[in-house]
$ cat start30.pdb   # PDB, C-alpha atoms
ATOM      1  CA  MET A   1       6.446  23.097 -44.603
ATOM      2  CA  LYS A   2       5.073  22.187 -48.025
ATOM      3  CA  LEU A   3       2.969  19.474 -46.439
ATOM      4  CA  THR A   4       1.691  21.935 -43.860
ATOM      5  CA  ARG A   5       0.604  24.435 -46.525
ATOM      6  CA  ARG A   6      -1.011  21.662 -48.548
ATOM      7  CA  PHE A   7      -2.816  20.476 -45.424
ATOM      8  CA  ILE A   8      -4.149  23.967 -44.720
ATOM      9  CA  LEU A   9      -5.164  24.544 -48.325
ATOM     10  CA  ALA A  10      -6.923  21.175 -48.484
ATOM     11  CA  PHE A  11      -8.982  21.908 -45.387
ATOM     12  CA  ALA A  12      -9.659  25.472 -46.533
ATOM     13  CA  GLY A  13     -11.057  24.082 -49.763
ATOM     14  CA  LEU A  14     -13.273  21.663 -47.925
ATOM     15  CA  SER A  15     -14.518  24.432 -45.661
ATOM     16  CA  ALA A  16     -15.581  26.635 -48.563
ATOM     17  CA  PRO A  17     -19.306  26.969 -49.381
ATOM     18  CA  ALA A  18     -20.513  23.636 -50.665
ATOM     19  CA  LEU A  19     -21.859  23.222 -54.165
ATOM     20  CA  VAL A  20     -24.282  20.616 -52.955
ATOM     21  CA  GLN A  21     -27.171  21.206 -50.625
ATOM     22  CA  ALA A  22     -26.590  20.557 -46.948
ATOM     23  CA  GLN A  23     -28.451  17.757 -45.278
ATOM     24  CA  GLY A  24     -31.743  19.096 -44.095
ATOM     25  CA  THR A  25     -34.032  18.043 -41.354
ATOM     26  CA  SER A  26     -35.538  14.589 -41.520
ATOM     27  CA  SER A  27     -38.632  12.880 -40.189
ATOM     28  CA  TRP A  28     -36.550   9.841 -39.180
ATOM     29  CA  ARG A  29     -36.393   9.215 -35.446
ATOM     30  CA  PRO A  30     -34.426   6.512 -33.601
ATOM     31  CA  SER A  31     -36.560   3.790 -32.060
ATOM     32  CA  ARG A  32     -34.051   2.849 -29.350
ATOM     33  CA  PRO A  33     -30.834   4.239 -27.771
ATOM     34  CA  ILE A  34     -28.001   5.284 -30.083
ATOM     35  CA  ARG A  35     -24.604   3.608 -29.577
ATOM     36  CA  LEU A  36     -21.768   6.123 -29.870
ATOM     37  CA  ILE A  37     -18.636   3.967 -30.143
ATOM     38  CA  VAL A  38     -15.391   5.459 -28.871
ATOM     39  CA  PRO A  39     -12.559   3.167 -30.040
ATOM     40  CA  ALA A  40     -10.303   4.028 -27.098
ATOM     41  CA  ALA A  41     -10.230   3.859 -23.322
ATOM     42  CA  PRO A  42     -12.021   6.503 -21.225
ATOM     43  CA  GLY A  43     -10.177   9.772 -20.670
ATOM     44  CA  GLY A  44      -8.856  10.430 -24.160
ATOM     45  CA  SER A  45      -9.929  13.244 -26.455
ATOM     46  CA  ASN A  46     -12.558  11.227 -28.354
ATOM     47  CA  ASP A  47     -14.089  10.027 -25.098
ATOM     48  CA  ILE A  48     -14.188  13.497 -23.523
ATOM     49  CA  LEU A  49     -15.721  15.078 -26.601
ATOM     50  CA  ALA A  50     -18.250  12.260 -27.015
ATOM     51  CA  ARG A  51     -19.440  12.622 -23.434
ATOM     52  CA  ILE A  52     -19.900  16.379 -23.792
ATOM     53  CA  ILE A  53     -22.044  16.191 -26.935
ATOM     54  CA  ALA A  54     -23.955  12.997 -26.063
ATOM     55  CA  GLU A  55     -26.421  14.708 -23.717
ATOM     56  CA  PRO A  56     -27.608  17.454 -26.091
ATOM     57  CA  ALA A  57     -27.706  14.960 -28.971
ATOM     58  CA  SER A  58     -29.907  12.701 -26.818
ATOM     59  CA  GLN A  59     -32.308  15.578 -26.173
ATOM     60  CA  ILE A  60     -32.554  16.375 -29.891
ATOM     61  CA  LEU A  61     -32.988  12.758 -31.008
ATOM     62  CA  GLY A  62     -35.383  11.772 -28.250
ATOM     63  CA  GLN A  63     -33.346   8.698 -27.321
ATOM     64  CA  PRO A  64     -30.285   8.264 -25.075
ATOM     65  CA  VAL A  65     -26.884   8.416 -26.762
ATOM     66  CA  ILE A  66     -24.838   5.795 -24.928
ATOM     67  CA  ILE A  67     -21.031   5.886 -24.992
ATOM     68  CA  GLU A  68     -19.443   2.507 -25.676
ATOM     69  CA  ASN A  69     -15.670   2.375 -25.214
ATOM     70  CA  ARG A  70     -14.129  -0.316 -27.447
ATOM     71  CA  ALA A  71     -10.381   0.125 -26.993
ATOM     72  CA  GLY A  72      -7.582  -1.799 -28.644
ATOM     73  CA  ALA A  73      -5.224  -2.030 -31.608
ATOM     74  CA  GLY A  74      -4.897   1.719 -32.029
ATOM     75  CA  SER A  75      -8.672   2.197 -32.509
ATOM     76  CA  VAL A  76      -9.011  -0.685 -35.006
ATOM     77  CA  ILE A  77     -11.142  -2.908 -32.743
ATOM     78  CA  GLY A  78     -13.783  -0.282 -32.044
ATOM     79  CA  THR A  79     -13.786   0.990 -35.613
ATOM     80  CA  GLU A  80     -14.319  -2.523 -36.974
ATOM     81  CA  ALA A  81     -17.194  -3.007 -34.534
ATOM     82  CA  ALA A  82     -18.821   0.149 -35.889
ATOM     83  CA  ALA A  83     -18.260  -0.923 -39.503
ATOM     84  CA  ARG A  84     -19.924  -4.294 -38.839
ATOM     85  CA  ALA A  85     -22.893  -2.870 -36.899
ATOM     86  CA  PRO A  86     -26.361  -2.858 -38.474
ATOM     87  CA  ALA A  87     -26.730   0.126 -40.794
ATOM     88  CA  ASP A  88     -30.012   1.259 -39.249
ATOM     89  CA  GLY A  89     -29.034   4.609 -37.754
ATOM     90  CA  HIS A  90     -28.554   3.341 -34.213
ATOM     91  CA  THR A  91     -24.743   3.080 -34.235
ATOM     92  CA  VAL A  92     -22.235   5.878 -34.812
ATOM     93  CA  LEU A  93     -18.492   6.175 -34.284
ATOM     94  CA  ILE A  94     -16.275   9.105 -33.283
ATOM     95  CA  ASN A  95     -12.632   8.485 -34.123
ATOM     96  CA  SER A  96      -9.923  11.092 -34.616
ATOM     97  CA  SER A  97      -7.622   8.275 -35.801
ATOM     98  CA  LEU A  98      -9.902   7.347 -38.704
ATOM     99  CA  ALA A  99      -7.638   9.177 -41.182
ATOM    100  CA  THR A 100      -4.339   8.183 -39.571
ATOM    101  CA  VAL A 101      -4.615   4.423 -39.059
ATOM    102  CA  PRO A 102      -4.734   3.593 -42.810
ATOM    103  CA  ALA A 103      -1.338   5.263 -43.153
ATOM    104  CA  VAL A 104       0.323   2.843 -40.723
ATOM    105  CA  VAL A 105      -1.730  -0.375 -40.848
ATOM    106  CA  ALA A 106      -1.454  -2.222 -44.162
ATOM    107  CA  ASN A 107      -4.300  -4.737 -43.800
ATOM    108  CA  LEU A 108      -7.219  -3.236 -41.932
ATOM    109  CA  PRO A 109     -10.273  -5.442 -41.279
ATOM    110  CA  TYR A 110     -12.483  -2.674 -42.692
ATOM    111  CA  ASP A 111     -12.403  -0.204 -45.582
ATOM    112  CA  THR A 112     -12.139   3.293 -44.111
ATOM    113  CA  LEU A 113     -13.749   5.018 -47.084
ATOM    114  CA  GLY A 114     -15.938   2.142 -48.277
ATOM    115  CA  ASP A 115     -17.469   0.974 -44.995
ATOM    116  CA  PHE A 116     -18.662   4.295 -43.542
ATOM    117  CA  ASP A 117     -20.979   7.201 -44.267
ATOM    118  CA  GLY A 118     -20.246  10.621 -42.808
ATOM    119  CA  VAL A 119     -22.450  12.119 -40.098
ATOM    120  CA  ALA A 120     -20.660  15.234 -38.786
ATOM    121  CA  VAL A 121     -17.302  16.666 -37.737
ATOM    122  CA  ALA A 122     -17.155  17.494 -34.038
ATOM    123  CA  GLY A 123     -14.229  19.891 -34.412
ATOM    124  CA  PHE A 124     -10.512  20.402 -34.869
ATOM    125  CA  SER A 125      -7.746  20.503 -32.284
ATOM    126  CA  PRO A 126      -3.985  21.022 -32.347
ATOM    127  CA  HIS A 127      -1.753  18.625 -30.500
ATOM    128  CA  LEU A 128       0.578  19.733 -27.722
ATOM    129  CA  LEU A 129       4.169  18.938 -26.872
ATOM    130  CA  VAL A 130       4.108  18.065 -23.172
ATOM    131  CA  VAL A 131       6.427  16.645 -20.546
ATOM    132  CA  GLY A 132       5.794  15.146 -17.133
ATOM    133  CA  ALA A 133       6.240  17.435 -14.152
ATOM    134  CA  ALA A 134       9.467  15.662 -13.135
ATOM    135  CA  VAL A 135      11.188  16.195 -16.503
ATOM    136  CA  PRO A 136      13.788  19.000 -16.189
ATOM    137  CA  ALA A 137      12.747  20.809 -19.370
ATOM    138  CA  ARG A 138      10.922  24.129 -19.303
ATOM    139  CA  THR A 139      11.045  24.807 -23.029
ATOM    140  CA  ALA A 140      10.948  22.781 -26.222
ATOM    141  CA  GLU A 141      14.583  23.678 -26.801
ATOM    142  CA  GLU A 142      15.555  22.162 -23.438
ATOM    143  CA  LEU A 143      13.620  18.952 -24.175
ATOM    144  CA  LEU A 144      15.286  18.615 -27.585
ATOM    145  CA  ALA A 145      18.662  19.075 -25.888
ATOM    146  CA  LEU A 146      17.831  16.227 -23.468
ATOM    147  CA  LEU A 147      16.789  13.976 -26.354
ATOM    148  CA  ARG A 148      19.963  14.710 -28.290
ATOM    149  CA  ALA A 149      22.124  14.115 -25.231
ATOM    150  CA  SER A 150      20.550  10.690 -24.610
ATOM    151  CA  PRO A 151      19.210   9.269 -27.910
ATOM    152  CA  GLY A 152      16.500   6.656 -27.346
ATOM    153  CA  ARG A 153      16.597   6.851 -23.554
ATOM    154  CA  LEU A 154      13.463   8.899 -22.945
ATOM    155  CA  ASN A 155      10.055   7.270 -23.372
ATOM    156  CA  TYR A 156       7.520   8.811 -25.713
ATOM    157  CA  ALA A 157       3.822   8.148 -24.915
ATOM    158  CA  SER A 158       1.720   7.137 -27.932
ATOM    159  CA  ALA A 159      -2.030   6.533 -27.826
ATOM    160  CA  GLY A 160      -1.569   3.462 -30.038
ATOM    161  CA  PRO A 161      -0.196   2.697 -33.502
ATOM    162  CA  GLY A 162      -1.578   5.128 -36.055
ATOM    163  CA  SER A 163      -3.085   7.445 -33.443
ATOM    164  CA  GLY A 164      -2.670  11.195 -33.682
ATOM    165  CA  PRO A 165      -0.199  11.267 -30.778
ATOM    166  CA  HIS A 166       1.822   8.504 -32.477
ATOM    167  CA  ILE A 167       2.062  10.493 -35.714
ATOM    168  CA  GLY A 168       2.814  13.686 -33.791
ATOM    169  CA  GLY A 169       5.779  12.020 -32.145
ATOM    170  CA  LEU A 170       7.067  10.690 -35.443
ATOM    171  CA  VAL A 171       6.815  14.135 -37.013
ATOM    172  CA  LEU A 172       8.614  15.714 -34.049
ATOM    173  CA  MET A 173      11.434  13.185 -34.087
ATOM    174  CA  ALA A 174      11.868  13.313 -37.858
ATOM    175  CA  ARG A 175      11.754  17.094 -38.200
ATOM    176  CA  MET A 176      13.924  17.779 -35.148
ATOM    177  CA  ASN A 177      16.310  14.846 -35.757
ATOM    178  CA  VAL A 178      15.938  13.323 -32.285
ATOM    179  CA  GLN A 179      15.289   9.799 -31.039
ATOM    180  CA  ALA A 180      13.119   8.360 -28.278
ATOM    181  CA  GLU A 181      11.598   5.035 -27.288
ATOM    182  CA  THR A 182       7.958   4.958 -28.404
ATOM    183  CA  VAL A 183       5.609   3.235 -25.957
ATOM    184  CA  HIS A 184       2.104   2.491 -27.254
ATOM    185  CA  TYR A 185      -0.827   2.687 -24.824
ATOM    186  CA  ARG A 186      -4.464   1.703 -25.315
ATOM    187  CA  GLY A 187      -5.742   5.187 -26.041
ATOM    188  CA  GLY A 188      -5.202   8.810 -25.106
ATOM    189  CA  GLY A 189      -6.330   8.377 -21.495
ATOM    190  CA  PRO A 190      -3.768   5.684 -20.593
ATOM    191  CA  SER A 191      -1.005   7.581 -22.418
ATOM    192  CA  ILE A 192      -1.765  10.682 -20.353
ATOM    193  CA  THR A 193      -1.732   8.578 -17.186
ATOM    194  CA  ALA A 194       1.724   7.303 -18.138
ATOM    195  CA  LEU A 195       2.973  10.856 -18.605
ATOM    196  CA  VAL A 196       1.542  12.016 -15.289
ATOM    197  CA  SER A 197       3.016   9.035 -13.423
ATOM    198  CA  GLY A 198       6.458   9.448 -14.994
ATOM    199  CA  GLU A 199       6.334   6.109 -16.807
ATOM    200  CA  ALA A 200       6.766   8.125 -20.020
ATOM    201  CA  GLN A 201       8.624  11.406 -20.169
ATOM    202  CA  PHE A 202       7.070  13.296 -23.085
ATOM    203  CA  GLY A 203       4.350  13.099 -25.706
ATOM    204  CA  THR A 204       2.284  14.986 -28.261
ATOM    205  CA  PRO A 205      -1.254  14.369 -26.983
ATOM    206  CA  THR A 206      -4.319  16.155 -28.203
ATOM    207  CA  MET A 207      -5.139  19.362 -26.417
ATOM    208  CA  ALA A 208      -8.460  17.787 -25.464
ATOM    209  CA  SER A 209      -6.891  14.965 -23.457
ATOM    210  CA  ALA A 210      -4.086  16.991 -21.873
ATOM    211  CA  ILE A 211      -5.484  20.456 -21.183
ATOM    212  CA  GLY A 212      -6.844  19.639 -17.722
ATOM    213  CA  HIS A 213      -3.512  18.220 -16.581
ATOM    214  CA  VAL A 214      -1.619  21.188 -18.014
ATOM    215  CA  ARG A 215      -3.859  23.603 -16.157
ATOM    216  CA  GLY A 216      -3.545  21.484 -13.024
ATOM    217  CA  GLY A 217       0.251  21.389 -13.174
ATOM    218  CA  THR A 218       0.695  17.624 -13.517
ATOM    219  CA  LEU A 219       1.875  18.081 -17.121
ATOM    220  CA  ARG A 220       3.911  20.923 -18.603
ATOM    221  CA  ALA A 221       3.025  22.173 -22.089
ATOM    222  CA  LEU A 222       6.091  23.275 -24.047
ATOM    223  CA  ALA A 223       4.345  24.122 -27.322
ATOM    224  CA  VAL A 224       1.052  24.102 -29.188
ATOM    225  CA  LEU A 225       1.777  22.214 -32.418
ATOM    226  CA  ALA A 226       0.093  24.826 -34.590
ATOM    227  CA  GLU A 227       1.090  27.942 -36.506
ATOM    228  CA  GLN A 228      -0.485  30.138 -33.820
ATOM    229  CA  PRO A 229      -0.818  29.864 -30.017
ATOM    230  CA  SER A 230      -4.150  28.749 -28.574
ATOM    231  CA  PRO A 231      -6.331  31.079 -26.476
ATOM    232  CA  ALA A 232      -7.173  28.009 -24.396
ATOM    233  CA  LEU A 233      -3.578  27.903 -23.077
ATOM    234  CA  PRO A 234      -2.291  31.457 -22.645
ATOM    235  CA  GLY A 235       1.491  31.692 -22.448
ATOM    236  CA  VAL A 236       2.186  28.421 -24.278
ATOM    237  CA  PRO A 237       4.076  29.197 -27.514
ATOM    238  CA  SER A 238       3.173  27.912 -30.963
ATOM    239  CA  ALA A 239       5.549  25.447 -32.627
ATOM    240  CA  PRO A 240       7.292  28.187 -34.685
ATOM    241  CA  GLN A 241       7.624  30.375 -31.591
ATOM    242  CA  ALA A 242       9.156  27.409 -29.738
ATOM    243  CA  GLY A 243      11.789  26.920 -32.460
ATOM    244  CA  MET A 244      10.013  24.007 -34.221
ATOM    245  CA  PRO A 245       8.523  25.562 -37.392
ATOM    246  CA  GLY A 246       8.004  22.219 -39.136
ATOM    247  CA  VAL A 247       6.270  20.450 -36.258
ATOM    248  CA  ILE A 248       2.629  21.263 -37.006
ATOM    249  CA  HIS A 249       0.062  18.620 -36.108
ATOM    250  CA  GLU A 250      -3.711  18.989 -35.872
ATOM    251  CA  GLU A 251      -6.467  16.419 -35.651
ATOM    252  CA  PHE A 252     -10.159  16.399 -36.444
ATOM    253  CA  PHE A 253     -13.007  14.379 -34.975
ATOM    254  CA  PRO A 254     -15.233  12.762 -37.616
ATOM    255  CA  ILE A 255     -18.483  11.126 -36.592
ATOM    256  CA  VAL A 256     -19.473   8.349 -39.003
ATOM    257  CA  ALA A 257     -22.083   5.590 -39.365
ATOM    258  CA  PRO A 258     -21.954   2.145 -41.014
ATOM    259  CA  LYS A 259     -22.172   2.247 -44.799
ATOM    260  CA  ARG A 260     -25.686   2.081 -46.253
ATOM    261  CA  THR A 261     -27.259   3.774 -43.253
ATOM    262  CA  PRO A 262     -30.510   5.192 -44.711
ATOM    263  CA  PRO A 263     -30.084   8.775 -46.020
ATOM    264  CA  GLU A 264     -32.928  10.030 -43.835
ATOM    265  CA  ALA A 265     -31.214   8.579 -40.752
ATOM    266  CA  LEU A 266     -27.890  10.162 -41.749
ATOM    267  CA  ALA A 267     -29.628  13.499 -42.209
ATOM    268  CA  ALA A 268     -31.312  13.305 -38.784
ATOM    269  CA  LEU A 269     -28.134  12.163 -37.037
ATOM    270  CA  GLY A 270     -26.037  14.812 -38.753
ATOM    271  CA  ASN A 271     -28.496  17.538 -37.844
ATOM    272  CA  ALA A 272     -28.631  16.345 -34.212
ATOM    273  CA  PHE A 273     -24.885  16.101 -33.720
ATOM    274  CA  ARG A 274     -24.190  19.446 -35.412
ATOM    275  CA  GLN A 275     -26.756  21.091 -33.130
ATOM    276  CA  ALA A 276     -25.257  19.309 -30.108
ATOM    277  CA  ILE A 277     -21.791  20.584 -31.018
ATOM    278  CA  GLN A 278     -23.030  24.160 -31.413
ATOM    279  CA  ARG A 279     -24.921  24.031 -28.112
ATOM    280  CA  SER A 280     -21.766  22.768 -26.374
ATOM    281  CA  VAL A 281     -19.203  24.970 -28.133
ATOM    282  CA  GLU A 282     -18.142  26.991 -25.086
ATOM    283  CA  ARG A 283     -17.887  23.926 -22.864
ATOM    284  CA  VAL A 284     -16.057  21.958 -25.566
ATOM    285  CA  ASN A 285     -13.511  24.729 -26.111
ATOM    286  CA  GLU A 286     -13.005  25.333 -22.410
ATOM    287  CA  MET A 287     -12.559  21.634 -21.554
ATOM    288  CA  THR A 288     -10.763  20.403 -24.661
ATOM    289  CA  GLY A 289      -9.524  23.261 -26.855
ATOM    290  CA  VAL A 290     -11.485  21.707 -29.751
ATOM    291  CA  THR A 291     -12.968  24.266 -32.168
ATOM    292  CA  PRO A 292     -15.892  23.518 -34.513
ATOM    293  CA  ARG A 293     -15.712  24.577 -38.188
ATOM    294  CA  GLY A 294     -18.368  24.827 -40.828
ATOM    295  CA  GLY A 295     -18.394  23.220 -44.233
ATOM    296  CA  PHE A 296     -19.194  19.630 -43.246
ATOM    297  CA  GLU A 297     -22.968  19.528 -43.500
ATOM    298  CA  THR A 298     -23.253  16.522 -45.809
ATOM    299  CA  SER A 299     -22.108  12.929 -45.577
ATOM    300  CA  ALA A 300     -19.953  13.418 -48.676
ATOM    301  CA  GLN A 301     -18.178  16.429 -47.166
ATOM    302  CA  VAL A 302     -17.337  14.503 -43.992
ATOM    303  CA  MET A 303     -15.916  11.574 -45.946
ATOM    304  CA  ALA A 304     -14.000  13.904 -48.284
ATOM    305  CA  LEU A 305     -12.275  15.343 -45.211
ATOM    306  CA  VAL A 306     -11.364  11.808 -44.072
ATOM    307  CA  GLN A 307     -10.010  10.985 -47.540
ATOM    308  CA  THR A 308      -7.907  14.167 -47.592
ATOM    309  CA  GLY A 309      -6.593  13.356 -44.115
ATOM    310  CA  ILE A 310      -5.545   9.849 -45.155
ATOM    311  CA  GLY A 311      -3.542  11.260 -48.058
ATOM    312  CA  ILE A 312      -1.850  13.915 -45.962
ATOM    313  CA  ASN A 313      -0.997  11.558 -43.092
ATOM    314  CA  THR A 314       0.369   8.970 -45.528
ATOM    315  CA  ARG A 315       2.669  11.548 -47.107
ATOM    316  CA  LEU A 316       3.806  12.791 -43.690
ATOM    317  CA  LEU A 317       4.650   9.283 -42.508
ATOM    318  CA  ARG A 318       6.401   8.234 -45.689
ATOM    319  CA  ALA A 319       8.472  11.419 -45.550
ATOM    320  CA  ALA A 320       9.422  10.409 -41.993
ATOM    321  CA  GLY A 321      10.458   6.949 -43.238
ATOM    322  CA  VAL A 322       7.497   5.102 -41.712
ATOM    323  CA  GLN A 323       5.887   2.391 -43.845
ATOM    324  CA  ALA A 324       2.521   0.705 -43.315
ATOM    325  CA  GLU A 325       2.850  -2.682 -41.608
TER     326      GLU A 325
END

$ encode --input "start30.pdb" --output "structure tokens"
Amino acid sequence: MKLTRRFILAFAGLSAPALVQAQGTSSWRPSRPIRLIVPAAPGGSNDILARIIAEPASQILGQPVIIENRAGAGSVIGTEAAARAPADGHTVLINSSLATVPAVVANLPYDTLGDFDGVAVAGFSPHLLVVGAAVPARTAEELLALLRASPGRLNYASAGPGSGPHIGGLVLMARMNVQAETVHYRGGGPSITALVSGEAQFGTPTMASAIGHVRGGTLRALAVLAEQPSPALPGVPSAPQAGMPGVIHEEFFPIVAPKRTPPEALAALGNAFRQAIQRSVERVNEMTGVTPRGGFETSAQVMALVQTGIGINTRLLRAAGVQAE
């Protein structure tokens, strides 16, 4: 729980009123369509969120915002493509794994903090503990009993090495002293498909990628991995209510641009995406359970959040016995 309190305090500090001025409006305008890279397959939380905010961002910027899915290597392929793109304001990346991958991949082909400038934070979302409809577990306690009765026999669906669902599973297994076979998929969408089909039995996906299937009955949510239940899923207990007080796992969705993107372009992009998020807040929360928060109006604030996340995720993983490879 110490890590959880530290995590909350760190984010609370970052959300406090900034001492620096927020990015203001800018006269910069894009001269062609904006590429919004999603480093995962369609259907995952980053993809869903990107598609919701792309339309209002396009209207604000006066150019189309085009989603480009670049899946592979636990988001590394798409993130590297964004890092290597021209720093002219016409390429941005949304990646909720930006602060998790450095904790599990030792030699990344990009520098997470050195190769990007912050644009905005699209929101925060707790992960869920879910099982496929065919799994005979109605509560978290029943699932844990199944895992303890058959160590390593149930498949756990990860969205790729270093992804939020991967770390969520590691935290669950370490804190609850259970074992399962981790199966990595090429993003949140394919991992959800595996859960729905029965290829994998349980997972800790983002609320954004799983909420539609939970509401539709093809997945069963056993817990919201947060201190409190979510209004988006009435009746689903929080982790402490489900008997898992140490299994708290939340992700955030940073939007970043290649390093050395002109400040006026960063300001215009940040202003556009923050407005797009606010215009879409009801739809975003209804469809994904993602909640926006203030306090990330400057590039430095966005990157400070990423840096804090890297530190927290690294400590969580090392405490679970996972080393970067």

$ residues_around --input "start30.pdb" --residues "range 130-134 of chain A" --least-positions-apart "4" --cutoff "6 Å" --atoms "all atoms listed in the file" --output "MDAnalysis selection string"
chainID A and resid 195:196 201:203 218:222

$ residues_around --input "start30.pdb" --residues "Gln241 in chain A" --least-positions-apart "6" --cutoff "12 Å" --atoms "all atoms listed in the file" --output "VMD selection string"
chain A and resid 139 to 141 222 to 229 235 247 to 248

$ resolve_selection --input "start30.pdb" --expression "the PyMOL selection byres ((chain A and resi 300) around 10)" --output "list in words"
Val20, Ala22, Asp117, Gly118, Val119, Phe296, Glu297, Thr298, Ser299, Gln301, Val302, Met303, Ala304, Leu305 and Val306 of chain A

$ closest_residue --input "start30.pdb" --among "A:Val104, A:Leu128, A:Ala71, A:Ala180" --to "Gly43 in chain A" --atoms "all atoms listed in the file"
A:Ala71

$ closest_residue --input "start30.pdb" --among "A:Val256, A:Val135, A:Leu269, A:Pro151" --to "Thr79 in chain A" --atoms "only C-alpha atoms"
A:Val256

$ residues_around --input "start30.pdb" --residues "Thr100 in chain A" --least-positions-apart "5" --cutoff "7 Å" --atoms "all atoms listed in the file" --output "ChimeraX atom specification"
/A:162-164,310,313

$ resolve_selection --input "start30.pdb" --expression "the PyMOL selection byres ((chain A and resi 45) around 8)" --output "NGL selection string"
:A and (43-44 or 46-49 or 188-189 or 206-209 or 288)

$ decode --input "start30.pdb" --residues "range 212-261 of chain A" --atoms "C-alpha atoms" --output "PDB file, in the first residue's frame"
ATOM      1  CA  GLY A 212     -18.602  -2.444 -23.647  1.00  0.00           C
ATOM      2  CA  HIS A 213     -18.090  -6.190 -23.294  1.00  0.00           C
ATOM      3  CA  VAL A 214     -18.860  -6.068 -19.574  1.00  0.00           C
ATOM      4  CA  ARG A 215     -22.099  -4.230 -20.232  1.00  0.00           C
ATOM      5  CA  GLY A 216     -22.891  -6.640 -23.055  1.00  0.00           C
ATOM      6  CA  GLY A 217     -22.293  -9.725 -20.916  1.00  0.00           C
ATOM      7  CA  THR A 218     -19.434 -11.239 -22.921  1.00  0.00           C
ATOM      8  CA  LEU A 219     -17.003 -10.420 -20.091  1.00  0.00           C
ATOM      9  CA  ARG A 220     -17.635 -10.436 -16.347  1.00  0.00           C
ATOM     10  CA  ALA A 221     -16.060  -7.698 -14.222  1.00  0.00           C
ATOM     11  CA  LEU A 222     -15.049  -8.949 -10.778  1.00  0.00           C
ATOM     12  CA  ALA A 223     -13.448  -5.738  -9.503  1.00  0.00           C
ATOM     13  CA  VAL A 224     -12.452  -2.195 -10.386  1.00  0.00           C
ATOM     14  CA  LEU A 225      -8.747  -1.984  -9.519  1.00  0.00           C
ATOM     15  CA  ALA A 226      -9.139   1.288  -7.644  1.00  0.00           C
ATOM     16  CA  GLU A 227      -9.760   2.416  -4.078  1.00  0.00           C
ATOM     17  CA  GLN A 228     -13.376   3.257  -4.938  1.00  0.00           C
ATOM     18  CA  PRO A 229     -15.981   1.714  -7.279  1.00  0.00           C
ATOM     19  CA  SER A 230     -16.640   3.412 -10.612  1.00  0.00           C
ATOM     20  CA  PRO A 231     -19.989   5.062 -11.419  1.00  0.00           C
ATOM     21  CA  ALA A 232     -19.500   3.748 -14.954  1.00  0.00           C
ATOM     22  CA  LEU A 233     -19.981   0.161 -13.699  1.00  0.00           C
ATOM     23  CA  PRO A 234     -22.569   0.140 -10.910  1.00  0.00           C
ATOM     24  CA  GLY A 235     -22.448  -2.974  -8.747  1.00  0.00           C
ATOM     25  CA  VAL A 236     -18.819  -3.851  -9.518  1.00  0.00           C
ATOM     26  CA  PRO A 237     -16.793  -3.671  -6.277  1.00  0.00           C
ATOM     27  CA  SER A 238     -13.522  -1.814  -5.817  1.00  0.00           C
ATOM     28  CA  ALA A 239     -10.373  -3.867  -5.214  1.00  0.00           C
ATOM     29  CA  PRO A 240     -10.552  -3.418  -1.400  1.00  0.00           C
ATOM     30  CA  GLN A 241     -14.244  -4.333  -1.412  1.00  0.00           C
ATOM     31  CA  ALA A 242     -13.398  -7.458  -3.435  1.00  0.00           C
ATOM     32  CA  GLY A 243     -10.799  -8.559  -0.863  1.00  0.00           C
ATOM     33  CA  MET A 244      -7.740  -7.313  -2.819  1.00  0.00           C
ATOM     34  CA  PRO A 245      -6.668  -4.115  -0.999  1.00  0.00           C
ATOM     35  CA  GLY A 246      -3.188  -4.058  -2.540  1.00  0.00           C
ATOM     36  CA  VAL A 247      -4.263  -4.549  -6.149  1.00  0.00           C
ATOM     37  CA  ILE A 248      -4.681  -0.937  -7.270  1.00  0.00           C
ATOM     38  CA  HIS A 249      -3.821  -0.151 -10.878  1.00  0.00           C
ATOM     39  CA  GLU A 250      -4.664   2.970 -12.872  1.00  0.00           C
ATOM     40  CA  GLU A 251      -3.384   4.243 -16.187  1.00  0.00           C
ATOM     41  CA  PHE A 252      -3.208   7.628 -17.851  1.00  0.00           C
ATOM     42  CA  PHE A 253      -3.216   8.603 -21.512  1.00  0.00           C
ATOM     43  CA  PRO A 254      -0.452  11.067 -22.426  1.00  0.00           C
ATOM     44  CA  ILE A 255      -0.444  12.706 -25.832  1.00  0.00           C
ATOM     45  CA  VAL A 256       3.081  13.648 -26.924  1.00  0.00           C
ATOM     46  CA  ALA A 257       4.929  14.999 -29.975  1.00  0.00           C
ATOM     47  CA  PRO A 258       8.481  14.445 -31.270  1.00  0.00           C
ATOM     48  CA  LYS A 259      11.129  16.373 -29.356  1.00  0.00           C
ATOM     49  CA  ARG A 260      11.902  19.860 -30.671  1.00  0.00           C
ATOM     50  CA  THR A 261       8.402  20.382 -32.019  1.00  0.00           C
TER      51      THR A 261
END
